[in-house]
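Okay, structure-v1.json is below, JSON, C-alpha atoms (C1' of nucleotides):
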[["chain", "number", "residue", "atom", "x", "y", "z"],
["A", 1, "MET", "CA", 25.78, -13.07, -0.94],
["A", 2, "VAL", "CA", 25.26, -12.11, 2.65],
["A", 3, "GLU", "CA", 23.47, -13.45, 5.69],
["A", 4, "PHE", "CA", 21.61, -11.34, 8.22],
["A", 5, "LEU", "CA", 20.76, -12.56, 11.69],
["A", 6, "VAL", "CA", 17.21, -11.59, 12.56],
["A", 7, "GLU", "CA", 14.87, -12.01, 15.48],
["A", 8, "ASN", "CA", 11.12, -12.02, 15.29],
["A", 9, "TYR", "CA", 11.09, -11.48, 11.53],
["A", 10, "ASP", "CA", 8.53, -13.10, 9.23],
["A", 11, "LEU", "CA", 9.87, -12.31, 5.79],
["A", 12, "ALA", "CA", 7.09, -14.00, 3.81],
["A", 13, "ALA", "CA", 4.30, -12.31, 5.73],
["A", 14, "THR", "CA", 6.06, -8.98, 5.43],
["A", 15, "LEU", "CA", 6.66, -9.14, 1.69],
["A", 16, "THR", "CA", 3.09, -10.25, 0.95],
["A", 17, "SER", "CA", 1.22, -8.04, 3.40],
["A", 18, "GLY", "CA", 0.02, -5.46, 0.90],
["A", 19, "GLN", "CA", 2.67, -2.83, 1.49],
["A", 20, "ALA", "CA", 4.99, -3.75, -1.41],
["A", 21, "PHE", "CA", 3.82, -5.26, -4.68],
["A", 22, "ARG", "CA", 6.88, -6.40, -6.61],
["A", 23, "TRP", "CA", 8.12, -9.52, -4.79],
["A", 24, "ARG", "CA", 7.92, -12.86, -6.60],
["A", 25, "TRP", "CA", 8.13, -16.28, -4.99],
["A", 26, "VAL", "CA", 10.50, -18.34, -7.16],
["A", 27, "ASP", "CA", 11.91, -21.73, -6.15],
["A", 28, "GLY", "CA", 11.66, -21.13, -2.44],
["A", 29, "ALA", "CA", 12.98, -17.58, -2.44],
["A", 30, "TRP", "CA", 11.79, -14.01, -2.93],
["A", 31, "GLU", "CA", 13.01, -12.14, -5.99],
["A", 32, "GLY", "CA", 12.63, -8.41, -6.38],
["A", 33, "ALA", "CA", 14.35, -5.14, -7.11],
["A", 34, "VAL", "CA", 15.49, -2.77, -4.38],
["A", 35, "ALA", "CA", 17.40, 0.44, -4.99],
["A", 36, "GLY", "CA", 17.91, -0.49, -8.63],
["A", 37, "ARG", "CA", 19.44, -3.89, -7.86],
["A", 38, "TRP", "CA", 18.12, -7.40, -8.39],
["A", 39, "VAL", "CA", 17.96, -9.16, -5.06],
["A", 40, "CYS", "CA", 16.91, -12.63, -3.95],
["A", 41, "LEU", "CA", 15.91, -13.23, -0.31],
["A", 42, "ARG", "CA", 15.57, -16.53, 1.51],
["A", 43, "GLN", "CA", 14.72, -16.99, 5.16],
["A", 44, "GLU", "CA", 15.77, -19.95, 7.31],
["A", 45, "LYS", "CA", 14.62, -19.45, 10.88],
["A", 46, "ASN", "CA", 16.71, -16.60, 12.30],
["A", 47, "ARG", "CA", 18.67, -15.95, 9.15],
["A", 48, "ILE", "CA", 17.86, -14.05, 6.00],
["A", 49, "HIS", "CA", 20.16, -14.83, 3.07],
["A", 50, "ALA", "CA", 20.44, -12.17, 0.40],
["A", 51, "GLN", "CA", 21.88, -12.67, -3.04],
["A", 52, "THR", "CA", 22.49, -10.00, -5.67],
["A", 53, "ALA", "CA", 23.42, -10.20, -9.33],
["A", 54, "LEU", "CA", 26.40, -7.90, -8.99],
["A", 55, "PRO", "CA", 28.94, -7.76, -6.14],
["A", 56, "VAL", "CA", 27.97, -5.59, -3.16],
["A", 57, "ASP", "CA", 30.14, -4.60, -0.24],
["A", 58, "ASP", "CA", 27.85, -2.15, 1.51],
["A", 59, "TRP", "CA", 24.45, -3.61, 2.38],
["A", 60, "THR", "CA", 23.01, -0.52, 4.02],
["A", 61, "TRP", "CA", 20.38, -0.12, 1.31],
["A", 62, "LEU", "CA", 18.94, -3.56, 2.01],
["A", 63, "ARG", "CA", 19.17, -3.31, 5.78],
["A", 64, "HIS", "CA", 17.27, -0.07, 5.49],
["A", 65, "TYR", "CA", 14.63, -1.49, 3.16],
["A", 66, "LEU", "CA", 14.02, -4.50, 5.41],
["A", 67, "GLN", "CA", 14.31, -2.35, 8.56],
["A", 68, "LEU", "CA", 16.60, -4.95, 10.10],
["A", 69, "ASP", "CA", 17.68, -2.69, 12.94],
["A", 70, "VAL", "CA", 14.16, -2.15, 14.26],
["A", 71, "ASN", "CA", 13.51, -3.73, 17.63],
["A", 72, "LEU", "CA", 10.07, -5.15, 17.01],
["A", 73, "GLY", "CA", 9.57, -6.33, 20.59],
["A", 74, "LYS", "CA", 9.82, -2.77, 21.89],
["A", 75, "ILE", "CA", 7.22, -1.65, 19.35],
["A", 76, "LEU", "CA", 4.79, -4.44, 20.20],
["A", 77, "ASP", "CA", 5.12, -3.47, 23.86],
["A", 78, "THR", "CA", 3.59, -0.09, 23.07],
["A", 79, "PHE", "CA", 0.40, -1.58, 21.61],
["A", 80, "PRO", "CA", -2.80, -1.41, 23.68],
["A", 81, "MET", "CA", -3.49, -4.56, 25.68],
["A", 82, "ASP", "CA", -7.01, -5.02, 24.34],
["A", 83, "GLU", "CA", -8.12, -8.35, 22.92],
["A", 84, "PRO", "CA", -8.31, -7.43, 19.20],
["A", 85, "MET", "CA", -4.81, -6.00, 19.19],
["A", 86, "GLN", "CA", -3.23, -8.85, 21.10],
["A", 87, "CYS", "CA", -5.08, -11.33, 18.94],
["A", 88, "SER", "CA", -3.74, -9.65, 15.80],
["A", 89, "VAL", "CA", -0.19, -9.81, 17.11],
["A", 90, "ARG", "CA", -0.51, -13.48, 18.05],
["A", 91, "SER", "CA", -1.77, -14.28, 14.57],
["A", 92, "CYS", "CA", 1.46, -13.13, 12.95],
["A", 93, "ALA", "CA", 4.38, -12.40, 15.24],
["A", 94, "GLY", "CA", 7.21, -11.14, 13.08],
["A", 95, "LEU", "CA", 5.22, -9.03, 10.67],
["A", 96, "ARG", "CA", 7.28, -5.94, 9.81],
["A", 97, "LEU", "CA", 7.02, -2.63, 8.05],
["A", 98, "LEU", "CA", 9.37, -2.09, 5.14],
["A", 99, "ARG", "CA", 10.93, 1.26, 4.24],
["A", 100, "GLN", "CA", 10.26, 1.71, 0.55],
["A", 101, "GLU", "CA", 11.35, 4.34, -1.91],
["A", 102, "PRO", "CA", 8.68, 7.05, -1.59],
["A", 103, "TRP", "CA", 7.94, 7.53, -5.28],
["A", 104, "GLU", "CA", 7.46, 3.82, -5.94],
["A", 105, "CYS", "CA", 5.25, 3.61, -2.88],
["A", 106, "LEU", "CA", 3.20, 6.65, -3.90],
["A", 107, "ALA", "CA", 2.70, 5.47, -7.47],
["A", 108, "SER", "CA", 1.83, 1.96, -6.31],
["A", 109, "PHE", "CA", -0.89, 3.18, -4.00],
["A", 110, "ILE", "CA", -2.33, 5.53, -6.62],
["A", 111, "CYS", "CA", -2.83, 2.32, -8.61],
["A", 112, "SER", "CA", -4.38, 0.57, -5.63],
["A", 113, "SER", "CA", -7.80, 2.13, -5.25],
["A", 114, "THR", "CA", -10.63, -0.44, -5.38],
["A", 115, "LYS", "CA", -8.20, -3.11, -6.53],
["A", 116, "ARG", "CA", -7.25, -6.39, -4.96],
["A", 117, "ILE", "CA", -3.61, -6.86, -4.07],
["A", 118, "VAL", "CA", -3.11, -9.39, -6.89],
["A", 119, "GLN", "CA", -4.40, -6.88, -9.41],
["A", 120, "ILE", "CA", -2.21, -4.11, -8.04],
["A", 121, "GLN", "CA", 0.74, -6.43, -8.54],
["A", 122, "GLN", "CA", -0.29, -6.99, -12.16],
["A", 123, "ILE", "CA", -0.63, -3.29, -12.91],
["A", 124, "ILE", "CA", 2.74, -2.48, -11.39],
["A", 125, "ALA", "CA", 4.43, -5.34, -13.24],
["A", 126, "LEU", "CA", 3.06, -3.95, -16.51],
["A", 127, "LEU", "CA", 4.23, -0.42, -15.65],
["A", 128, "CYS", "CA", 7.73, -1.63, -14.82],
["A", 129, "ARG", "CA", 8.06, -3.81, -17.91],
["A", 130, "ARG", "CA", 6.93, -1.00, -20.17],
["A", 131, "PHE", "CA", 8.54, 2.06, -18.61],
["A", 132, "GLY", "CA", 11.27, 0.78, -16.28],
["A", 133, "ASP", "CA", 14.89, 0.02, -17.12],
["A", 134, "PRO", "CA", 16.18, -3.56, -17.26],
["A", 135, "VAL", "CA", 18.16, -4.64, -14.24],
["A", 136, "THR", "CA", 21.06, -7.09, -14.35],
["A", 137, "VAL", "CA", 19.83, -10.54, -13.34],
["A", 138, "PRO", "CA", 21.84, -13.74, -12.78],
["A", 139, "HIS", "CA", 21.75, -16.22, -15.65],
["A", 140, "GLY", "CA", 18.57, -18.24, -15.76],
["A", 141, "HIS", "CA", 16.40, -15.88, -13.70],
["A", 142, "GLU", "CA", 13.31, -13.96, -14.78],
["A", 143, "PRO", "CA", 14.07, -10.49, -16.14],
["A", 144, "ILE", "CA", 13.17, -7.59, -13.89],
["A", 145, "HIS", "CA", 12.95, -3.84, -14.36],
["A", 146, "THR", "CA", 13.37, -0.81, -12.15],
["A", 147, "PHE", "CA", 10.28, 1.01, -11.06],
["A", 148, "PRO", "CA", 9.93, 3.82, -13.66],
["A", 149, "HIS", "CA", 10.95, 7.28, -12.51],
["A", 150, "TYR", "CA", 8.20, 9.91, -12.47],
["A", 151, "ALA", "CA", 10.00, 11.85, -15.18],
["A", 152, "LYS", "CA", 9.59, 8.83, -17.44],
["A", 153, "LEU", "CA", 5.90, 8.37, -16.66],
["A", 154, "ALA", "CA", 5.35, 12.11, -17.10],
["A", 155, "GLU", "CA", 6.22, 11.71, -20.77],
["A", 156, "ALA", "CA", 3.70, 8.92, -21.28],
["A", 157, "SER", "CA", 0.16, 9.45, -22.53],
["A", 158, "GLU", "CA", -2.99, 8.55, -20.67],
["A", 159, "SER", "CA", -3.70, 5.76, -23.13],
["A", 160, "ASP", "CA", -0.18, 4.37, -22.59],
["A", 161, "LEU", "CA", -1.04, 4.04, -18.93],
["A", 162, "ARG", "CA", -4.49, 2.64, -19.61],
["A", 163, "GLU", "CA", -2.79, -0.11, -21.57],
["A", 164, "CYS", "CA", -1.20, -1.08, -18.27],
["A", 165, "LYS", "CA", -4.71, -1.71, -16.89],
["A", 166, "LEU", "CA", -4.81, 1.44, -14.80],
["A", 167, "GLY", "CA", -8.35, 2.29, -15.83],
["A", 168, "PHE", "CA", -9.65, 5.47, -14.23],
["A", 169, "ARG", "CA", -6.45, 5.74, -12.18],
["A", 170, "ALA", "CA", -4.42, 6.54, -15.31],
["A", 171, "PRO", "CA", -5.02, 10.31, -15.27],
["A", 172, "TYR", "CA", -4.24, 10.42, -11.55],
["A", 173, "LEU", "CA", -0.87, 8.75, -11.95],
["A", 174, "LEU", "CA", -0.04, 10.82, -15.01],
["A", 175, "LYS", "CA", -0.92, 14.15, -13.40],
["A", 176, "THR", "CA", 0.95, 13.27, -10.24],
["A", 177, "ALA", "CA", 4.05, 12.27, -12.22],
["A", 178, "ARG", "CA", 3.93, 15.59, -14.09],
["A", 179, "LYS", "CA", 3.49, 17.60, -10.90],
["A", 180, "LEU", "CA", 6.55, 15.95, -9.40],
["A", 181, "ARG", "CA", 8.56, 16.45, -12.57],
["A", 182, "ASP", "CA", 7.60, 20.13, -12.56],
["A", 183, "GLY", "CA", 8.72, 20.48, -8.96],
["A", 184, "GLU", "CA", 5.30, 21.40, -7.60],
["A", 185, "VAL", "CA", 5.82, 18.89, -4.81],
["A", 186, "ASP", "CA", 9.26, 17.70, -3.67],
["A", 187, "LEU", "CA", 9.11, 14.20, -2.21],
["A", 188, "LYS", "CA", 12.61, 14.53, -0.71],
["A", 189, "ALA", "CA", 11.53, 17.55, 1.26],
["A", 190, "LEU", "CA", 8.90, 15.58, 3.17],
["A", 191, "ARG", "CA", 11.49, 13.81, 5.29],
["A", 192, "GLY", "CA", 11.71, 15.44, 8.67],
["A", 193, "LEU", "CA", 8.51, 17.43, 8.31],
["A", 194, "PRO", "CA", 5.83, 17.05, 10.96],
["A", 195, "LEU", "CA", 3.28, 14.41, 9.97],
["A", 196, "GLU", "CA", 0.50, 16.89, 9.26],
["A", 197, "GLU", "CA", 2.66, 19.02, 6.98],
["A", 198, "ALA", "CA", 4.01, 16.06, 5.06],
["A", 199, "ARG", "CA", 0.47, 14.75, 4.59],
["A", 200, "ALA", "CA", -0.72, 18.15, 3.35],
["A", 201, "GLN", "CA", 1.99, 18.07, 0.68],
["A", 202, "LEU", "CA", 0.93, 14.64, -0.55],
["A", 203, "LEU", "CA", -2.74, 15.65, -0.59],
["A", 204, "GLN", "CA", -1.92, 18.21, -3.28],
["A", 205, "LEU", "CA", -1.30, 15.36, -5.71],
["A", 206, "PRO", "CA", -4.15, 14.11, -7.93],
["A", 207, "GLY", "CA", -5.47, 10.72, -6.90],
["A", 208, "VAL", "CA", -4.06, 11.06, -3.41],
["A", 209, "GLY", "CA", -6.51, 11.27, -0.51],
["A", 210, "ILE", "CA", -5.94, 10.68, 3.19],
["A", 211, "LYS", "CA", -5.73, 6.91, 2.89],
["A", 212, "ILE", "CA", -3.12, 6.83, 0.14],
["A", 213, "ALA", "CA", -1.19, 9.70, 1.73],
["A", 214, "ASP", "CA", -0.99, 7.74, 4.97],
["A", 215, "CYS", "CA", 0.23, 4.62, 3.16],
["A", 216, "VAL", "CA", 3.08, 6.63, 1.66],
["A", 217, "LEU", "CA", 3.87, 8.33, 4.97],
["A", 218, "LEU", "CA", 4.01, 4.97, 6.74],
["A", 219, "PHE", "CA", 5.59, 2.64, 4.17],
["A", 220, "GLY", "CA", 7.80, 5.18, 2.38],
["A", 221, "TYR", "CA", 8.83, 7.60, 5.12],
["A", 222, "GLY", "CA", 8.34, 5.68, 8.33],
["A", 223, "PHE", "CA", 5.98, 8.10, 10.03],
["A", 224, "GLN", "CA", 5.06, 5.86, 12.94],
["A", 225, "GLN", "CA", 1.67, 7.42, 13.54],
["A", 226, "ALA", "CA", 0.37, 7.37, 9.98],
["A", 227, "PHE", "CA", -2.62, 5.02, 10.14],
["A", 228, "PRO", "CA", -4.15, 4.25, 6.74],
["A", 229, "VAL", "CA", -7.86, 3.47, 7.06],
["A", 230, "ASP", "CA", -9.03, 1.35, 4.15],
["A", 231, "VAL", "CA", -12.02, -0.98, 3.85],
["A", 232, "TRP", "CA", -10.27, -3.74, 5.81],
["A", 233, "ILE", "CA", -9.24, -1.47, 8.66],
["A", 234, "MET", "CA", -12.71, 0.05, 8.73],
["A", 235, "LYS", "CA", -14.12, -3.45, 9.04],
["A", 236, "ALA", "CA", -11.59, -4.28, 11.76],
["A", 237, "LEU", "CA", -12.39, -1.21, 13.83],
["A", 238, "ARG", "CA", -16.14, -1.62, 13.47],
["A", 239, "GLN", "CA", -16.25, -5.35, 14.16],
["A", 240, "LEU", "CA", -13.60, -5.57, 16.84],
["A", 241, "TYR", "CA", -13.95, -2.27, 18.68],
["A", 242, "PHE", "CA", -17.48, -0.96, 17.98],
["A", 243, "PRO", "CA", -19.57, -4.07, 17.29],
["A", 244, "LYS", "CA", -22.83, -2.63, 18.64],
["A", 245, "ARG", "CA", -23.14, 0.70, 16.86],
["A", 246, "ARG", "CA", -22.74, 2.17, 13.43],
["A", 247, "VAL", "CA", -19.66, 4.42, 13.71],
["A", 248, "LYS", "CA", -18.79, 6.84, 10.96],
["A", 249, "LEU", "CA", -15.41, 7.19, 9.30],
["A", 250, "PRO", "CA", -14.30, 10.47, 10.94],
["A", 251, "ARG", "CA", -14.87, 8.95, 14.36],
["A", 252, "LEU", "CA", -12.95, 5.82, 13.38],
["A", 253, "ARG", "CA", -10.07, 8.02, 12.24],
["A", 254, "HIS", "CA", -10.08, 9.87, 15.54],
["A", 255, "PHE", "CA", -10.09, 6.58, 17.43],
["A", 256, "SER", "CA", -7.21, 5.31, 15.32],
["A", 257, "GLN", "CA", -5.15, 8.39, 16.18],
["A", 258, "THR", "CA", -5.72, 8.15, 19.92],
["A", 259, "HIS", "CA", -5.99, 4.49, 20.81],
["A", 260, "PHE", "CA", -2.98, 2.71, 19.38],
["A", 261, "GLY", "CA", 0.00, 4.58, 20.79],
["A", 262, "PRO", "CA", 3.26, 5.95, 19.37],
["A", 263, "HIS", "CA", 3.66, 3.17, 16.76],
["A", 264, "SER", "CA", 0.04, 3.07, 15.62],
["A", 265, "GLY", "CA", 1.17, 2.52, 12.03],
["A", 266, "TYR", "CA", 2.56, -0.89, 13.01],
["A", 267, "ALA", "CA", -0.62, -1.67, 14.92],
["A", 268, "GLN", "CA", -2.57, -0.87, 11.79],
["A", 269, "GLN", "CA", -0.51, -3.34, 9.76],
["A", 270, "TYR", "CA", -1.21, -6.09, 12.28],
["A", 271, "LEU", "CA", -4.95, -5.40, 12.22],
["A", 272, "PHE", "CA", -4.92, -5.37, 8.43],
["A", 273, "HIS", "CA", -3.09, -8.68, 8.24],
["A", 274, "TYR", "CA", -5.33, -10.23, 10.87],
["A", 275, "MET", "CA", -8.53, -9.25, 9.09],
["A", 276, "ARG", "CA", -7.28, -10.50, 5.74],
["A", 277, "THR", "CA", -6.11, -13.86, 7.02],
["A", 278, "LYS", "CA", -8.51, -14.84, 9.80],
["A", 279, "GLY", "CA", -10.76, -17.68, 8.85],
["A", 280, "LYS", "CA", -8.18, -18.97, 6.40],
["A", 281, "ALA", "CA", -5.78, -21.87, 7.07],
["B", 1, "DG", "C1'", -24.28, -12.15, -12.99],
["B", 2, "DG", "C1'", -23.88, -9.47, -8.89],
["B", 3, "DC", "C1'", -20.49, -8.11, -5.63],
["B", 4, "DC", "C1'", -16.32, -6.30, -4.12],
["B", 5, "DA", "C1'", -11.51, -4.80, -4.16],
["B", 6, "DG", "C1'", -5.43, -1.26, 0.72],
["B", 7, "DG", "C1'", -10.34, 5.34, -2.91],
["B", 8, "DC", "C1'", -10.75, 9.63, -5.01],
["B", 9, "DG", "C1'", -13.04, 13.62, -6.92],
["B", 10, "DC", "C1'", -16.98, 15.93, -7.88],
["B", 11, "DG", "C1'", -21.87, 17.22, -7.83],
["B", 12, "DT", "C1'", -25.82, 18.01, -5.09],
["B", 13, "DA", "C1'", -28.45, 19.20, -0.72],
["C", 1, "DT", "C1'", -20.18, 19.74, 5.88],
["C", 2, "DA", "C1'", -22.16, 15.59, 4.40],
["C", 3, "DC", "C1'", -23.54, 12.15, 1.57],
["C", 4, "DG", "C1'", -23.81, 9.62, -3.05],
["C", 5, "DC", "C1'", -22.13, 8.35, -7.22],
["C", 6, "DG", "C1'", -19.09, 7.20, -11.24],
["C", 7, "DC", "C1'", -14.93, 5.55, -12.49],
["C", 8, "DA", "C1'", -12.05, 0.36, -15.03],
["C", 9, "DT", "C1'", -11.06, -4.18, -14.31],
["C", 10, "DG", "C1'", -11.04, -8.92, -12.88],
["C", 11, "DG", "C1'", -11.89, -12.86, -9.67],
["C", 12, "DC", "C1'", -15.15, -15.31, -7.13]]
Starting from the file, lay out its structure as structure tokens.
Amino acid sequence: MVEFLVENYDLAATLTSGQAFRWRWVDGAWEGAVAGRWVCLRQEKNRIHAQTALPVDDWTWLRHYLQLDVNLGKILDTFPMDEPMQCSVRSCAGLRLLRQEPWECLASFICSSTKRIVQIQQIIALLCRRFGDPVTVPHGHEPIHTFPHYAKLAEASESDLRECKLGFRAPYLLKTARKLRDGEVDLKALRGLPLEEARAQLLQLPGVGIKIADCVLLFGYGFQQAFPVDVWIMKALRQLYFPKRRVKLPRLRHFSQTHFGPHSGYAQQYLFHYMRTKGKA
DNA sequence: GGCCAGGCGCGTA
DNA sequence: TACGCGCATGGC
């Protein structure tokens, strides 16, 4: 059990904002698995309480995952002052980017294409239950599994994966797992590469296009200028920035790379959240 | 019952 | 290079 002091941190918004897919809301707290450990998170104002099943004395892994040492205010200060951006920030101050394990992030987003977030969560839960390893959980809590290593998925068959509701994404995930197992792409080696080179590596993997590559670069590696453009972001850019004309995707991508500053990835997450929640509650 | 979902890969012009 | 389409599945 530990308590972190935080400022400007909206845990619930962050864990449900479509970047991670494994968190469950149970009795007023968030249960999940990070770095192979069961962990339960609960926020009360400026404190985040964390509980694990087994004793922990070094919490670096969780601080890193939650990005507790990021000064969000400084990042928000770099955003453009235009109305859509400021409006997005006002709608959810405290939204954060997590730093996930790259393989889990990559596999999750291969599963994500033309799926709603709820369905992505279902697929990943099935994958973990079937191929992951059980994690120690306190008495009385739901069982949870690790996210299966690519070497494990590489041994599966396409129909095994289709049974996890992957549909046409099954061969993509399988081929990518096998490529990683065979060392054709080394996810560890992407750290520290220039953005373009890291993206080129990811694009070699089946089922990975620019959008999914950018999700992995942003959520798994922390490349601050990776800016995933999905249907929601496309809608945001067209409605909020180019309402009068029909702008094509390449132009939107160029705009996204030049307009939002050195932390454009964060800006993207705010726009995404704003578009998904505006009009509701 | 049609439409759409944090897309990608491939065929055709 | 630039479109258009098929691909599974489920919720509304």
| query | Could you work out how far atom CA of Lys235 of chain A lies from atom CA of Leu202 of chain A, giving the answer in Å with one decimal? | reply |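 Going from atom CA of Leu202 of chain A over to atom CA of Lys235 of chain A, I get 25.4 Å.
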| said: At a cut-off of 8 Å, using all atoms listed in the file, what residues contact segment 176-183 of chain A? Leave out same-chain residues fewer than 4 positions from it and give the result as a list in words. | reply: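 Final neighbour list, sorted by chain and number: Tyr150, Ala151, Leu153, Ala154, Tyr172, Leu187, Leu205, Pro206 and Gly207 of chain A.
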| task | Report as a ChimeraX atom specification the set of chain C residues whose atoms approach chain A to within 12 Å, with distances computed over only C-alpha atoms (C1' of nucleotides). | result | /C:2-3,6-11
Residues of chain B were defined as contacting chain A if any atom lay at most 8 Å from it, counting only C-alpha atoms (C1' of nucleotides); please report them as an mmCIF file with C-alpha atoms (C1' of nucleotides), in the frame of the given file.
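Contents of result11.cif, as written:
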data_model
loop_
_atom_site.group_PDB
_atom_site.id
_atom_site.type_symbol
_atom_site.label_atom_id
_atom_site.label_comp_id
_atom_site.auth_asym_id
_atom_site.auth_seq_id
_atom_site.Cartn_x
_atom_site.Cartn_y
_atom_site.Cartn_z
ATOM 1 C "C1'" DA B 5 -11.510 -4.800 -4.160
ATOM 2 C "C1'" DG B 6 -5.430 -1.260 0.720
ATOM 3 C "C1'" DG B 7 -10.340 5.340 -2.910
ATOM 4 C "C1'" DC B 8 -10.750 9.630 -5.010
#
| said: Could you tell me how far atom CA of Arg191 of chain A sits from atom CA of Phe219 of chain A, in Å to one decimal place? | reply: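 So the answer is 12.7 Å.
Take atom CA of Ser88 of chain A and atom CA of Gly261 of chain A: the distance between them is 15.5 Å.
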| query | Which residues come within 9 Å of Leu5 of chain A, counting only C-alpha atoms (C1' of nucleotides), excluding same-chain residues fewer than 2 positions away, as a list in words? | reply | Glu3, Glu7, Asn46, Arg47, Ile48, His49 and Leu68 of chain A
